[in-house]
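Participant: work-v6.cif is reproduced in full below (mmCIF, C-alpha atoms).
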data_entry
loop_
_atom_site.label_atom_id
_atom_site.label_comp_id
_atom_site.auth_asym_id
_atom_site.auth_seq_id
_atom_site.Cartn_x
_atom_site.Cartn_y
_atom_site.Cartn_z
CA MET A 1 29.50 -10.56 -25.53
CA ASN A 2 27.57 -13.86 -25.40
CA ASN A 3 28.21 -13.95 -21.66
CA ARG A 4 26.36 -10.67 -21.33
CA VAL A 5 23.35 -12.05 -23.20
CA ILE A 6 23.36 -15.18 -21.03
CA GLN A 7 23.55 -13.06 -17.84
CA LYS A 8 20.65 -10.93 -19.04
CA SER A 9 18.55 -13.97 -19.89
CA VAL A 10 19.19 -15.62 -16.55
CA PHE A 11 18.32 -12.40 -14.73
CA GLN A 12 15.06 -12.11 -16.67
CA VAL A 13 14.09 -15.71 -15.89
CA ILE A 14 14.74 -15.18 -12.19
CA LEU A 15 12.65 -12.01 -12.20
CA LEU A 16 9.80 -13.74 -14.00
CA LEU A 17 9.84 -16.74 -11.66
CA VAL A 18 9.96 -14.64 -8.49
CA PHE A 19 7.64 -11.78 -9.36
CA PHE A 20 5.47 -12.08 -12.43
CA ASN A 21 3.69 -15.39 -11.91
CA ASN A 22 1.43 -14.25 -9.07
CA THR A 23 1.44 -10.55 -9.85
CA VAL A 24 -0.79 -11.05 -12.89
CA ASN A 25 -3.21 -13.03 -10.73
CA GLY A 26 -3.31 -10.21 -8.17
CA GLN A 27 -1.80 -12.29 -5.39
CA VAL A 28 1.65 -13.61 -4.54
CA ALA A 29 2.75 -16.63 -2.56
CA ASP A 30 3.97 -16.85 0.99
CA ASP A 31 7.38 -15.20 1.35
CA ASN A 32 8.55 -17.95 3.69
CA LYS A 33 9.21 -20.15 0.64
CA ILE A 34 11.99 -17.91 -0.65
CA LYS A 35 15.57 -18.57 0.49
CA THR A 36 17.53 -15.46 1.33
CA VAL A 37 20.97 -14.43 2.48
CA SER A 38 21.39 -15.41 6.11
CA ASP A 39 22.98 -12.17 7.24
CA SER A 40 20.40 -9.89 5.62
CA LEU A 41 17.38 -8.47 7.43
CA SER A 42 13.87 -9.69 6.72
CA LEU A 43 10.91 -7.34 6.83
CA GLN A 44 9.33 -9.16 9.77
CA THR A 45 12.57 -9.00 11.74
CA ILE A 46 12.75 -5.25 11.22
CA ILE A 47 9.11 -4.68 12.18
CA ASP A 48 9.39 -6.88 15.29
CA LYS A 49 12.44 -5.02 16.52
CA VAL A 50 10.98 -1.59 15.79
CA ILE A 51 7.69 -2.15 17.62
CA SER A 52 9.44 -3.77 20.58
CA SER A 53 12.08 -1.12 21.19
CA TYR A 54 11.20 2.19 19.50
CA PRO A 55 10.92 5.08 22.02
CA SER A 56 7.42 6.16 20.96
CA VAL A 57 6.16 2.60 21.54
CA LYS A 58 7.80 2.52 24.96
CA ALA A 59 6.23 5.88 25.79
CA ALA A 60 2.77 4.59 24.77
CA GLU A 61 3.28 1.47 26.90
CA GLU A 62 4.30 3.60 29.86
CA ALA A 63 1.16 5.69 29.37
CA ILE A 64 -0.86 2.48 29.89
CA ASN A 65 1.04 1.79 33.12
CA ASN A 66 0.22 5.31 34.19
CA ALA A 67 -3.45 4.71 33.35
CA ASN A 68 -3.46 1.58 35.52
CA ALA A 69 -2.16 3.64 38.43
CA ARG A 70 -4.88 6.26 37.86
CA ILE A 71 -7.57 3.54 37.87
CA GLU A 72 -6.38 2.29 41.24
CA LEU A 73 -6.20 5.87 42.49
CA ALA A 74 -9.83 6.44 41.43
CA LYS A 75 -10.87 3.30 43.32
CA THR A 76 -9.47 4.76 46.53
CA GLY A 77 -12.60 6.94 46.65
CA TYR A 78 -14.38 3.90 48.08
CA TYR A 79 -11.80 3.40 50.81
CA PRO A 80 -11.81 5.12 54.21
CA THR A 81 -9.02 7.35 55.44
CA ALA A 82 -7.51 7.18 58.93
CA ASP A 83 -4.79 9.09 60.69
CA VAL A 84 -3.34 9.62 64.15
CA THR A 85 -2.90 13.07 65.66
CA ALA A 86 -1.25 14.12 68.88
CA SER A 87 -0.63 17.51 70.42
CA PHE A 88 0.78 19.29 73.44
CA ALA A 89 0.01 22.85 74.45
CA ASN A 90 1.04 24.97 77.42
CA LEU A 91 -1.52 27.67 78.22
CA GLY A 92 -1.03 30.67 80.41
CA PRO A 93 -2.27 32.37 82.39
CA VAL A 94 -4.56 29.62 83.65
CA THR A 95 -8.06 30.84 84.50
CA LYS A 96 -9.12 30.18 88.08
CA LEU A 97 -12.37 30.89 89.94
CA SER A 98 -12.55 31.49 93.73
CA PHE A 99 -15.71 30.92 95.74
CA PRO A 100 -15.91 32.01 99.41
CA GLY A 101 -15.99 29.02 101.62
CA LEU A 102 -15.46 26.64 98.74
CA GLY A 103 -11.95 27.48 97.63
CA THR A 104 -10.35 28.10 94.26
CA PHE A 105 -11.18 26.14 91.12
CA GLN A 106 -8.91 25.85 88.03
CA LEU A 107 -10.89 25.66 84.74
CA TYR A 108 -8.22 23.89 82.67
CA PRO A 109 -4.67 22.65 83.14
CA ALA A 110 -1.63 24.62 82.10
CA ASN A 111 -0.20 21.58 80.23
CA ASN A 112 -2.68 20.06 77.76
CA TYR A 113 -2.10 16.64 76.15
CA SER A 114 -4.18 15.06 73.39
CA ALA A 115 -3.90 11.93 71.16
CA GLN A 116 -6.55 10.45 68.88
CA ILE A 117 -7.28 8.30 65.82
CA ASN A 118 -9.40 9.94 63.11
CA TYR A 119 -11.53 7.97 60.67
CA ASN A 120 -13.38 9.27 57.59
CA GLN A 121 -15.54 7.23 55.25
CA LEU A 122 -17.43 8.44 52.19
CA VAL A 123 -20.97 7.10 52.51
CA TYR A 124 -22.59 8.32 49.28
CA ASP A 125 -21.43 10.70 46.53
CA PHE A 126 -24.20 10.14 43.94
CA GLY A 127 -21.92 8.18 41.58
CA ARG A 128 -18.89 10.46 41.49
CA THR A 129 -16.39 7.73 42.36
CA ARG A 130 -17.99 5.23 40.00
CA LYS A 131 -17.88 7.72 37.13
CA ASN A 132 -14.29 8.57 37.93
CA ILE A 133 -13.30 4.89 37.74
CA GLU A 134 -15.12 4.53 34.42
CA LEU A 135 -13.33 7.62 33.16
CA GLU A 136 -9.90 6.23 34.04
CA ASN A 137 -10.76 2.85 32.52
CA GLU A 138 -11.69 4.63 29.31
CA ASN A 139 -8.43 6.57 29.51
CA LYS A 140 -6.60 3.26 29.64
CA ALA A 141 -8.54 1.96 26.63
CA LEU A 142 -7.62 5.14 24.78
CA GLY A 143 -3.96 4.56 25.67
CA GLU A 144 -4.11 0.97 24.42
CA GLN A 145 -5.63 2.11 21.14
CA THR A 146 -2.97 4.82 20.83
CA LEU A 147 -0.32 2.12 21.29
CA GLU A 148 -1.86 0.08 18.46
CA LEU A 149 -1.92 3.13 16.19
CA THR A 150 1.70 3.92 17.02
CA LYS A 151 2.77 0.38 16.16
CA GLN A 152 0.81 0.47 12.91
CA LYS A 153 2.35 3.76 11.78
CA LEU A 154 5.86 2.63 12.69
CA SER A 155 5.30 -0.64 10.82
CA LEU A 156 4.19 1.21 7.70
CA TYR A 157 7.20 3.50 7.95
CA ALA A 158 9.50 0.48 8.33
CA ILE A 159 7.86 -1.20 5.32
CA ASN A 160 8.39 1.85 3.13
CA ASN A 161 12.01 2.03 4.26
CA PHE A 162 12.51 -1.70 3.63
CA TYR A 163 11.22 -1.67 0.07
CA THR A 164 13.08 1.51 -0.77
CA LEU A 165 16.25 -0.33 0.29
CA VAL A 166 15.23 -3.36 -1.79
CA TYR A 167 14.89 -1.12 -4.85
CA LEU A 168 18.15 0.74 -4.26
CA GLN A 169 20.14 -2.45 -3.66
CA ALA A 170 18.80 -4.02 -6.86
CA ALA A 171 19.19 -0.80 -8.86
CA ILE A 172 22.86 -0.52 -7.87
CA LYS A 173 23.44 -4.12 -8.98
CA ILE A 174 21.82 -3.35 -12.34
CA LYS A 175 24.05 -0.30 -12.73
CA ASP A 176 27.10 -2.41 -11.84
CA GLU A 177 26.17 -4.87 -14.58
CA GLU A 178 25.67 -2.01 -17.03
CA LEU A 179 29.06 -0.54 -16.09
CA ALA A 180 30.74 -3.93 -16.53
CA THR A 181 29.34 -4.18 -20.06
CA LEU A 182 30.32 -0.60 -20.90
CA ARG A 183 33.88 -1.10 -19.68
CA GLU A 184 34.08 -4.30 -21.69
CA HIS A 185 33.02 -2.35 -24.76
CA LEU A 186 35.47 0.44 -23.99
CA GLU A 187 38.33 -2.05 -23.85
CA TYR A 188 37.12 -3.57 -27.10
CA VAL A 189 36.83 -0.30 -29.07
CA GLU A 190 40.17 0.92 -27.73
CA LYS A 191 41.78 -2.20 -29.23
CA MET A 192 39.88 -1.63 -32.47
CA MET A 193 40.99 2.02 -32.59
CA ALA A 194 44.59 0.89 -32.20
CA THR A 195 44.18 -1.19 -35.38
CA GLY A 196 42.26 1.58 -37.15
CA SER A 197 38.93 -0.26 -37.08
CA ALA A 198 37.23 2.24 -34.70
CA THR A 199 37.24 6.00 -34.32
CA GLU A 200 38.07 8.21 -31.37
CA TYR A 201 34.42 9.31 -31.39
CA GLN A 202 33.34 5.79 -30.51
CA VAL A 203 35.84 5.67 -27.64
CA LEU A 204 34.83 9.06 -26.26
CA SER A 205 31.12 8.32 -26.58
CA THR A 206 31.60 5.06 -24.67
CA LYS A 207 33.47 6.94 -21.92
CA VAL A 208 30.62 9.48 -21.72
CA LYS A 209 28.13 6.65 -21.28
CA ILE A 210 30.30 5.17 -18.53
CA SER A 211 30.49 8.55 -16.79
CA THR A 212 26.71 8.96 -17.02
CA VAL A 213 26.02 5.55 -15.49
CA GLU A 214 28.64 6.13 -12.78
CA GLY A 215 26.89 9.40 -11.89
CA GLN A 216 23.57 7.57 -11.65
CA LYS A 217 25.19 4.96 -9.43
CA VAL A 218 26.59 7.70 -7.16
CA ASP A 219 23.07 9.10 -6.70
CA LEU A 220 21.67 5.63 -5.97
CA THR A 221 24.47 4.92 -3.49
CA ALA A 222 23.84 8.21 -1.68
CA SER A 223 20.14 7.39 -1.45
CA LEU A 224 20.99 3.92 -0.18
CA THR A 225 23.22 5.39 2.54
CA ALA A 226 20.44 7.76 3.60
CA GLN A 227 17.90 4.94 3.78
CA GLN A 228 20.32 2.76 5.74
CA ALA A 229 20.78 5.61 8.22
CA SER A 230 17.00 5.85 8.53
CA LEU A 231 16.77 2.09 9.16
CA ASN A 232 19.56 2.29 11.76
CA SER A 233 17.60 5.01 13.52
CA LEU A 234 14.47 2.85 13.51
CA LEU A 235 16.32 -0.15 14.88
CA GLY A 236 18.45 1.80 17.33
CA ASN A 237 21.65 0.62 15.63
CA ASN A 238 24.94 2.45 15.38
CA GLN A 239 24.98 4.70 12.31
CA SER A 240 28.28 3.18 11.22
CA SER A 241 26.52 -0.07 10.27
CA ASN A 242 25.32 -0.68 6.73
CA PRO A 243 22.29 -3.00 6.96
CA VAL A 244 21.31 -5.16 4.00
CA VAL A 245 17.70 -6.24 3.53
CA GLN A 246 16.36 -9.37 1.92
CA SER A 247 15.14 -8.85 -1.63
CA LYS A 248 11.62 -10.13 -1.07
CA LEU A 249 8.82 -8.72 -3.18
CA LEU A 250 6.13 -11.11 -2.02
CA VAL A 251 3.00 -10.13 -0.13
CA LYS A 252 -0.58 -11.37 -0.09
CA VAL A 253 -3.26 -9.10 -1.48
CA PRO A 254 -6.22 -8.56 0.92
CA VAL A 255 -9.22 -10.57 -0.27
CA ILE A 256 -12.27 -8.44 0.54
CA GLN A 257 -15.31 -7.69 -1.56
CA SER A 258 -15.10 -4.20 -3.05
CA ASP A 259 -18.49 -3.20 -1.65
CA SER A 260 -17.32 -4.19 1.84
CA LEU A 261 -14.02 -2.31 1.89
CA LEU A 262 -15.32 0.81 3.60
CA SER A 263 -17.30 -1.02 6.27
CA PHE A 264 -14.32 -3.30 6.93
CA ALA A 265 -12.03 -0.29 7.29
CA TYR A 266 -14.46 1.52 9.60
CA ARG A 267 -14.51 -1.52 11.87
CA ASN A 268 -10.75 -2.03 11.94
CA ARG A 269 -8.92 1.26 11.44
CA ASP A 270 -7.13 2.38 14.58
CA GLU A 271 -8.03 6.00 13.87
CA VAL A 272 -11.76 5.19 13.88
CA LEU A 273 -11.46 3.10 17.04
CA LEU A 274 -9.40 5.86 18.64
CA ASN A 275 -12.11 8.43 17.88
CA GLU A 276 -14.71 6.12 19.42
CA LYS A 277 -12.62 5.95 22.60
CA LYS A 278 -12.24 9.72 22.60
CA GLU A 279 -15.98 10.17 22.20
CA ALA A 280 -16.74 7.76 25.06
CA LEU A 281 -14.19 9.58 27.21
CA ALA A 282 -15.74 12.95 26.41
CA GLU A 283 -19.19 11.60 27.32
CA LEU A 284 -17.87 10.37 30.66
CA ARG A 285 -16.28 13.74 31.39
CA TYR A 286 -19.59 15.41 30.63
CA GLY A 287 -21.31 13.05 33.08
CA MET A 288 -18.66 13.74 35.72
CA ILE A 289 -19.20 17.48 35.46
CA LYS A 290 -22.96 17.04 35.89
CA LEU A 291 -22.32 15.34 39.22
CA GLN A 292 -20.10 18.08 40.62
CA ASN A 293 -22.99 19.94 42.29
CA MET A 294 -24.52 16.84 43.85
CA PRO A 295 -24.38 16.44 47.66
CA MET A 296 -21.81 14.29 49.44
CA VAL A 297 -22.49 12.28 52.61
CA SER A 298 -19.60 11.14 54.79
CA LEU A 299 -19.03 9.52 58.17
CA GLN A 300 -16.47 10.95 60.59
CA ALA A 301 -15.26 9.30 63.79
CA ALA A 302 -12.41 9.96 66.19
CA ALA A 303 -11.29 8.25 69.41
CA GLY A 304 -8.46 9.09 71.77
CA ALA A 305 -7.56 10.52 75.15
CA LYS A 306 -6.75 13.94 76.60
CA ASN A 307 -6.52 15.75 79.92
CA GLY A 308 -8.45 18.79 81.10
CA TYR A 309 -11.71 17.16 82.14
CA LEU A 310 -13.31 18.18 85.48
CA PRO A 311 -12.99 17.41 88.26
CA ASP A 312 -9.44 16.03 87.85
CA LEU A 313 -7.84 18.21 85.17
CA GLY A 314 -4.59 16.26 85.05
CA THR A 315 -6.08 12.83 84.35
CA PHE A 316 -5.63 11.47 80.80
CA THR A 317 -9.28 10.64 79.95
CA PRO A 318 -10.51 8.59 76.93
CA ASN A 319 -12.92 10.40 74.59
CA TYR A 320 -14.57 9.96 71.20
CA VAL A 321 -16.69 11.70 68.60
CA VAL A 322 -18.90 10.15 65.89
CA GLY A 323 -20.91 12.07 63.33
CA VAL A 324 -22.29 12.28 59.82
CA GLY A 325 -21.44 15.16 57.51
CA VAL A 326 -23.36 16.38 54.47
CA ARG A 327 -21.96 18.79 51.87
CA ILE A 328 -24.53 20.44 49.60
CA PRO A 329 -23.22 22.90 46.97
CA ILE A 330 -25.49 25.92 46.62
CA PHE A 331 -23.78 28.27 44.19
CA ASP A 332 -20.48 27.75 42.34
CA GLY A 333 -20.29 31.04 40.46
CA MET A 334 -21.62 29.43 37.20
CA LYS A 335 -18.54 27.21 36.93
CA ASN A 336 -20.53 24.02 36.41
CA LYS A 337 -22.64 25.58 33.67
CA TYR A 338 -19.67 26.63 31.59
CA ASN A 339 -17.78 23.42 32.27
CA LEU A 340 -20.76 21.52 30.86
CA SER A 341 -20.79 23.80 27.83
CA GLN A 342 -17.10 23.15 27.24
CA ALA A 343 -17.56 19.39 27.62
CA GLN A 344 -20.45 19.38 25.15
CA SER A 345 -18.31 21.32 22.67
CA ALA A 346 -15.57 18.69 23.01
CA ILE A 347 -18.07 15.94 22.17
CA THR A 348 -19.22 17.82 19.08
CA SER A 349 -15.62 18.41 17.95
CA ILE A 350 -14.82 14.71 18.23
CA SER A 351 -17.85 13.85 16.09
CA TYR A 352 -16.54 16.18 13.36
CA GLU A 353 -13.09 14.63 13.71
CA SER A 354 -14.62 11.17 13.28
CA GLU A 355 -16.40 12.25 10.12
CA LEU A 356 -13.17 13.69 8.71
CA THR A 357 -11.30 10.47 9.54
CA LYS A 358 -13.88 8.38 7.68
CA ARG A 359 -13.64 10.63 4.63
CA ASN A 360 -9.85 10.31 4.65
CA ILE A 361 -10.11 6.53 4.94
CA SER A 362 -12.43 6.42 1.95
CA ASN A 363 -9.94 8.47 -0.06
CA GLU A 364 -7.02 6.27 1.03
CA LEU A 365 -8.86 3.11 -0.03
CA TYR A 366 -9.63 4.33 -3.50
CA ASP A 367 -6.10 5.72 -3.90
CA ALA A 368 -4.59 2.36 -2.91
CA GLU A 369 -6.81 0.47 -5.35
CA ALA A 370 -5.95 2.90 -8.15
CA TYR A 371 -2.21 2.61 -7.47
CA MET A 372 -2.44 -1.20 -7.36
CA SER A 373 -4.21 -1.30 -10.69
CA ALA A 374 -1.75 1.11 -12.31
CA ALA A 375 1.29 -0.72 -10.93
CA ASN A 376 -0.03 -4.08 -12.09
CA LYS A 377 -0.52 -2.73 -15.62
CA LYS A 378 3.00 -1.28 -15.56
CA ILE A 379 4.42 -4.66 -14.52
CA ILE A 380 2.83 -6.32 -17.54
CA GLN A 381 3.93 -3.48 -19.81
CA PHE A 382 7.53 -3.30 -18.55
CA ASP A 383 7.89 -7.07 -18.49
CA LEU A 384 7.03 -7.11 -22.19
CA GLN A 385 9.34 -4.15 -22.73
CA LEU A 386 12.22 -6.00 -21.01
CA LYS A 387 11.69 -9.05 -23.21
CA GLN A 388 11.69 -6.87 -26.31
CA ALA A 389 14.75 -4.91 -25.16
CA SER A 390 16.63 -8.15 -24.39
CA LYS A 391 15.77 -9.58 -27.80
CA ALA A 392 16.79 -6.30 -29.45
CA TYR A 393 20.10 -6.41 -27.56
CA SER A 394 20.71 -10.00 -28.73
CA LEU A 395 20.02 -8.98 -32.34
CA ALA A 396 22.17 -5.87 -31.96
CA GLU A 397 25.05 -7.97 -30.67
CA THR A 398 24.79 -10.24 -33.70
CA SER A 399 24.66 -7.23 -36.02
CA PHE A 400 27.65 -5.69 -34.27
CA LYS A 401 29.72 -8.83 -34.74
CA SER A 402 28.73 -8.80 -38.41
CA GLY A 403 29.83 -5.17 -38.71
CA VAL A 404 26.34 -3.91 -39.59
CA ILE A 405 26.11 -1.51 -36.59
CA THR A 406 28.64 0.32 -34.42
CA ASN A 407 29.38 -0.38 -30.80
CA LEU A 408 27.41 2.77 -29.89
CA ASP A 409 24.26 1.22 -31.33
CA LEU A 410 24.96 -1.91 -29.32
CA LEU A 411 25.47 0.14 -26.16
CA ASP A 412 22.17 1.95 -26.75
CA ALA A 413 20.50 -1.48 -26.90
CA ASN A 414 22.25 -2.47 -23.66
CA THR A 415 21.11 0.76 -21.99
CA SER A 416 17.53 -0.01 -23.03
CA VAL A 417 17.77 -3.40 -21.30
CA SER A 418 19.08 -1.84 -18.08
CA GLU A 419 16.44 0.87 -18.12
CA SER A 420 13.72 -1.70 -18.72
CA GLU A 421 15.00 -3.75 -15.77
CA LEU A 422 14.88 -0.68 -13.54
CA MET A 423 11.39 0.27 -14.68
CA LEU A 424 10.12 -3.27 -14.12
CA LEU A 425 11.73 -3.36 -10.68
CA LYS A 426 10.21 0.03 -9.81
CA ALA A 427 6.77 -1.12 -10.97
CA ARG A 428 7.01 -4.19 -8.75
CA ILE A 429 8.11 -2.12 -5.79
CA ASP A 430 5.18 0.25 -6.44
CA TYR A 431 2.82 -2.71 -6.60
CA ILE A 432 4.04 -4.04 -3.25
CA ALA A 433 3.83 -0.56 -1.73
CA SER A 434 0.24 -0.16 -2.97
CA ILE A 435 -0.71 -3.52 -1.39
CA TYR A 436 0.63 -2.38 1.96
CA MET A 437 -1.11 0.94 1.44
CA LEU A 438 -4.36 -0.95 0.95
CA LYS A 439 -3.70 -3.11 4.03
CA ALA A 440 -3.05 0.00 6.11
CA ALA A 441 -6.15 1.72 4.71
CA LEU A 442 -8.25 -1.31 5.64
CA GLY A 443 -6.83 -1.42 9.14
CA GLU A 444 -5.10 -4.79 8.78
CA LYS A 445 -2.25 -5.19 11.26
CA LEU A 446 1.12 -4.80 9.58
CA TYR A 447 3.05 -6.18 12.54
#
Please re-express this file's structure in structure tokens.

Facilitator:
Amino acid sequence: MNNRVIQKSVFQVILLLVFFNNTVNGQVADDNKIKTVSDSLSLQTIIDKVISSYPSVKAAEEAINNANARIELAKTGYYPTADVTASFANLGPVTKLSFPGLGTFQLYPANNYSAQINYNQLVYDFGRTRKNIELENENKALGEQTLELTKQKLSLYAINNFYTLVYLQAAIKIKDEELATLREHLEYVEKMMATGSATEYQVLSTKVKISTVEGQKVDLTASLTAQQASLNSLLGNNQSSNPVVQSKLLVKVPVIQSDSLLSFAYRNRDEVLLNEKKEALAELRYGMIKLQNMPMVSLQAAAGAKNGYLPDLGTFTPNYVVGVGVRIPIFDGMKNKYNLSQAQSAITSISYESELTKRNISNELYDAEAYMSAANKKIIQFDLQLKQASKAYSLAETSFKSGVITNLDLLDANTSVSESELMLLKARIDYIASIYMLKAALGEKLY
């Protein structure tokens, strides 16, 4: 039994050294100072792999490539177009005119050949092309911001998965320790019952406790398997693998003045920046629509050769044409008017969306701070509870050896220690989760 007390004491000391020291101060040390199992996964390793290979990230990156292509396509509005055309036509009957004394004249040849180079250059479009390029550049900026938001959300999801695994791995170990103690007691009381020093009730009650803890372990193991499957999906691993994560509960608390939290979040949250890009894009679209009914001036030129010129209809003769064209819209059936109305409505909708986003951010910030405060208080409370439960277990063990209490009383004390360990672990996990919640609410990069 003394071994059990020693194991409990060592476990408590490790917990206090790793977690409690900086938790009370509201900030923990750099996690790089903690040595971990070499074959287990660190949080940073998981996040790096997720944001470098997850399909939604790849899709967002490809959207940026697509935006680059659209920018270059918009720039082609400044470039001329040129093409070569050629034709052959056989006409019949051929029109001829006869004049007395002068003979017969053919107006055009039966076989007509033509080849030419055509050139077209936009001279002035009242800013259409420039606006279109600006629009596509803003589309690219929107895509880049969407990529950042995608990475941030995936990182937060990976963090939640990581710390859930940390809790489940530790909880299963605690249950294993509890089961080891219970089985030790079962063996002990069975020997005592054989000598008449214990009753069957004590044996059966111990077995019930073992069954209860085994059931709890089954639930924890099932949850662990589900979380491992989720992590495998994130990482793109085979579902047959059973990843193990490093048991790190260390993260720095953001140091920002309370009165500056909202302004900091508004400057850094991807959702706010994304809405700003959307609003700029909507403004550009509105400006583009306003230009749709403006005139367009273009230069056309063509040079080539063809037959059919008098007096020698069969000679292949060079020719050219140069001109300036102007297109002036007069009436578009009210299309422009309603397109402008629709574009203005889109701008208004985005402004409402921005306001809603800011309200949600404010709520997230205060929630995160509240959860951090509550979790920190629970850590202090459950740490004290664990110390008391451990001391009570030590006293119960002494009383049991003296014959003052039964083994069931001792097992109840042992269960209290295990439950206190789980509650303290859960409080620390909640504290870490609330820190990351605050980081995400502030817009700090999690990757």

Participant: Suppose you want the space between atom CA of Glu276 of chain A and atom CA of Ala441 of chain A; what is it in Å?

Facilitator: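 Between these atoms lies a distance of 17.6 Å.
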
Participant: Neighbours of Ile64 of chain A within 8 Å (only C-alpha atoms; same-chain residues fewer than 2 positions away dropped), as a PyMOL selection string?

Facilitator: chain A and resi 60-62+66-68+140+143-144

Participant: Taking the file as I've supplied it (selection: the PyMOL selection byres ((chain A and resi 184) around 12)), which residues are included? Please answer as a ChimeraX atom specification.

Facilitator: /A:1,3-4,177-183,185-191,203,206-207,210,407,411

Participant: Residues within 10 Å of segment 221-232 of chain A, please, as an MDAnalysis selection string. Count only C-alpha atoms; anything in the same chain fewer than 3 positions from it doesn't count.

Facilitator: chainID A and resid 46 50 157:158 161:162 164:169 171:172 215:218 235:245

Participant: Pull C-alpha atoms from the residues just selected and write them as a compact mmCIF listing (two decimals), keeping the file's coordinate frame.

Facilitator:
# COMPACT_ATOMS: atom_id res chain seq x y z
CA ILE A 46 12.75 -5.25 11.22
CA VAL A 50 10.98 -1.59 15.79
CA TYR A 157 7.20 3.50 7.95
CA ALA A 158 9.50 0.48 8.33
CA ASN A 161 12.01 2.03 4.26
CA PHE A 162 12.51 -1.70 3.63
CA THR A 164 13.08 1.51 -0.77
CA LEU A 165 16.25 -0.33 0.29
CA VAL A 166 15.23 -3.36 -1.79
CA TYR A 167 14.89 -1.12 -4.85
CA LEU A 168 18.15 0.74 -4.26
CA GLN A 169 20.14 -2.45 -3.66
CA ALA A 171 19.19 -0.80 -8.86
CA ILE A 172 22.86 -0.52 -7.87
CA GLY A 215 26.89 9.40 -11.89
CA GLN A 216 23.57 7.57 -11.65
CA LYS A 217 25.19 4.96 -9.43
CA VAL A 218 26.59 7.70 -7.16
CA LEU A 235 16.32 -0.15 14.88
CA GLY A 236 18.45 1.80 17.33
CA ASN A 237 21.65 0.62 15.63
CA ASN A 238 24.94 2.45 15.38
CA GLN A 239 24.98 4.70 12.31
CA SER A 240 28.28 3.18 11.22
CA SER A 241 26.52 -0.07 10.27
CA ASN A 242 25.32 -0.68 6.73
CA PRO A 243 22.29 -3.00 6.96
CA VAL A 244 21.31 -5.16 4.00
CA VAL A 245 17.70 -6.24 3.53

Participant: Please enumerate the residues selected by the PyMOL selection byres ((chain A and resi 360) around 12) when evaluated against the supplied file, formatted as a PyMOL selection string.

Facilitator: chain A and resi 262+265-266+269+271-272+353-359+361-367+441-442

Participant: How many Å lie between atom CA of Gly92 of chain A and atom CA of Ala302 of chain A, rounded to one decimal?

Facilitator: 27.6 Å

Participant: The PyMOL selection byres ((chain A and resi 313) around 12) on the file shown: which residues, as a PDB file with C-alpha atoms, keeping the file's coordinate frame?

Facilitator:
ATOM      1  CA  VAL A  94      -4.560  29.620  83.650  1.00  0.00           C
ATOM      2  CA  PHE A 105     -11.180  26.140  91.120  1.00  0.00           C
ATOM      3  CA  GLN A 106      -8.910  25.850  88.030  1.00  0.00           C
ATOM      4  CA  LEU A 107     -10.890  25.660  84.740  1.00  0.00           C
ATOM      5  CA  TYR A 108      -8.220  23.890  82.670  1.00  0.00           C
ATOM      6  CA  PRO A 109      -4.670  22.650  83.140  1.00  0.00           C
ATOM      7  CA  ALA A 110      -1.630  24.620  82.100  1.00  0.00           C
ATOM      8  CA  ASN A 111      -0.200  21.580  80.230  1.00  0.00           C
ATOM      9  CA  ASN A 112      -2.680  20.060  77.760  1.00  0.00           C
ATOM     10  CA  TYR A 113      -2.100  16.640  76.150  1.00  0.00           C
ATOM     11  CA  LYS A 306      -6.750  13.940  76.600  1.00  0.00           C
ATOM     12  CA  ASN A 307      -6.520  15.750  79.920  1.00  0.00           C
ATOM     13  CA  GLY A 308      -8.450  18.790  81.100  1.00  0.00           C
ATOM     14  CA  TYR A 309     -11.710  17.160  82.140  1.00  0.00           C
ATOM     15  CA  LEU A 310     -13.310  18.180  85.480  1.00  0.00           C
ATOM     16  CA  PRO A 311     -12.990  17.410  88.260  1.00  0.00           C
ATOM     17  CA  ASP A 312      -9.440  16.030  87.850  1.00  0.00           C
ATOM     18  CA  GLY A 314      -4.590  16.260  85.050  1.00  0.00           C
ATOM     19  CA  THR A 315      -6.080  12.830  84.350  1.00  0.00           C
ATOM     20  CA  PHE A 316      -5.630  11.470  80.800  1.00  0.00           C
ATOM     21  CA  THR A 317      -9.280  10.640  79.950  1.00  0.00           C
TER      22      THR A 317
END

Participant: Go through A:Leu274, A:Ile51, A:Ala440, A:Leu446 and flag the residue nearest Leu142 of chain A, using only C-alpha atoms for the distances.

Facilitator: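 Distance minimum relative to Leu142 of chain A lands on A:Leu274.
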
Participant: Could you tell me how far atom CA of Val322 of chain A lies from atom CA of Ala305 of chain A, in Å and to one decimal?

Facilitator: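 Calculated distance between atom CA of Val322 of chain A and atom CA of Ala305 of chain A is 14.6 Å.
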
Participant: Go through A:Asn275, A:Ser394, A:Thr45, A:Ser53 one by one, measure the shortest atom-to-atom distance of each to Ser233 of chain A using only C-alpha atoms, and give the residue with the smallest value.

Facilitator: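 With only C-alpha atoms as the atom set, the closest residue is A:Ser53.
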
Participant: I need the residue nearest Glu444 of chain A from this list: A:Leu410, A:Val253, A:Leu73, A:Val326. Use only C-alpha atoms for the distance.

Facilitator: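 Using only C-alpha atoms, the shortest distance to Glu444 of chain A belongs to A:Val253.
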
Participant: Select, from A:Ile117, A:Glu134, A:Lys153, A:Ala141, the residue with the minimum atom-to-atom distance to Tyr447 of chain A, counting all atoms listed in the file.

Facilitator: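 So, comparing all the options, the nearest one is A:Lys153.
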
Participant: Please provide the set of residues having any atom within 10 Å of Met423 of chain A, restricted to only C-alpha atoms, with same-chain residues fewer than 3 positions apart removed, written as a list in words.

Facilitator: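 Selected residues are Ala171, Lys378, Ile379, Gln381, Phe382, Asp383, Gln385, Leu386, Val417, Ser418, Glu419, Ser420, Lys426, Ala427, Arg428 and Ile429 of chain A.
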